[in-house]
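Take a look at the structure set out below.
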Amino acid sequence: MLVCEAVNPEQLFAQDSCPLSQPVLLSLIQQLCCDLTTHLELKQKYIESALLALDESHEVTAEHLPSVVSSLIQQLKGAIQSIQVNEPSSPLLKPLRMLQRAAQSFLR
């Protein structure tokens, strides 16, 4: 998380071509979604940006995307349920739901 905290995701992903390779993007998504109980807002921004930078036609991405996205969806579901119970008026609920729907679109 130290690197994520030091680098603004909007600046990193705003470049014409993403400086991160497809395997790194998949790993980033996978690692960030492992624990959505801390740094949730920052993780949400990074995961969202990384999803948008994925190239589904890339061989490695196409192979690993279903498992990574399925895991992400499950983790988001748990985080959303927890927030609904503990902080029902949290401003993070809407962006997390949108992220969950975006992730689900990769499985169609």
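Ordering of the structure tokens sets the chain letters (A, B, ...), residue numbers begin anew at 1 in every chain, and ligands are numbered from 1 in the order given.
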
>> I want to know what sits within 10 Å of segment 45-57 of chain A, based on only C-alpha atoms, with residues of the same chain fewer than 2 positions away left out; could you give that as a PyMOL selection string?
In response: chain A and resi 4+8-10+12-14+17-33+40-43+59-65+69+72+95-96+98-100+102-103+106

> In segment 6-90 of chain A, what's alpha helix (DSSP H) per DSSP? Answer as a ChimeraX atom specification?
Replying inline: /A:6,9-13,22-33,40-53,59-86

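The nearest approach to Ser70 of chain A among the residues A:His58, A:Arg101, A:Lys94, A:His39, with only C-alpha atoms taken into account, belongs to A:Arg101.
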
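Note that the spacing between atom CA of Gln75 of chain A and atom CA of Asp35 of chain A amounts to 7.8 Å.
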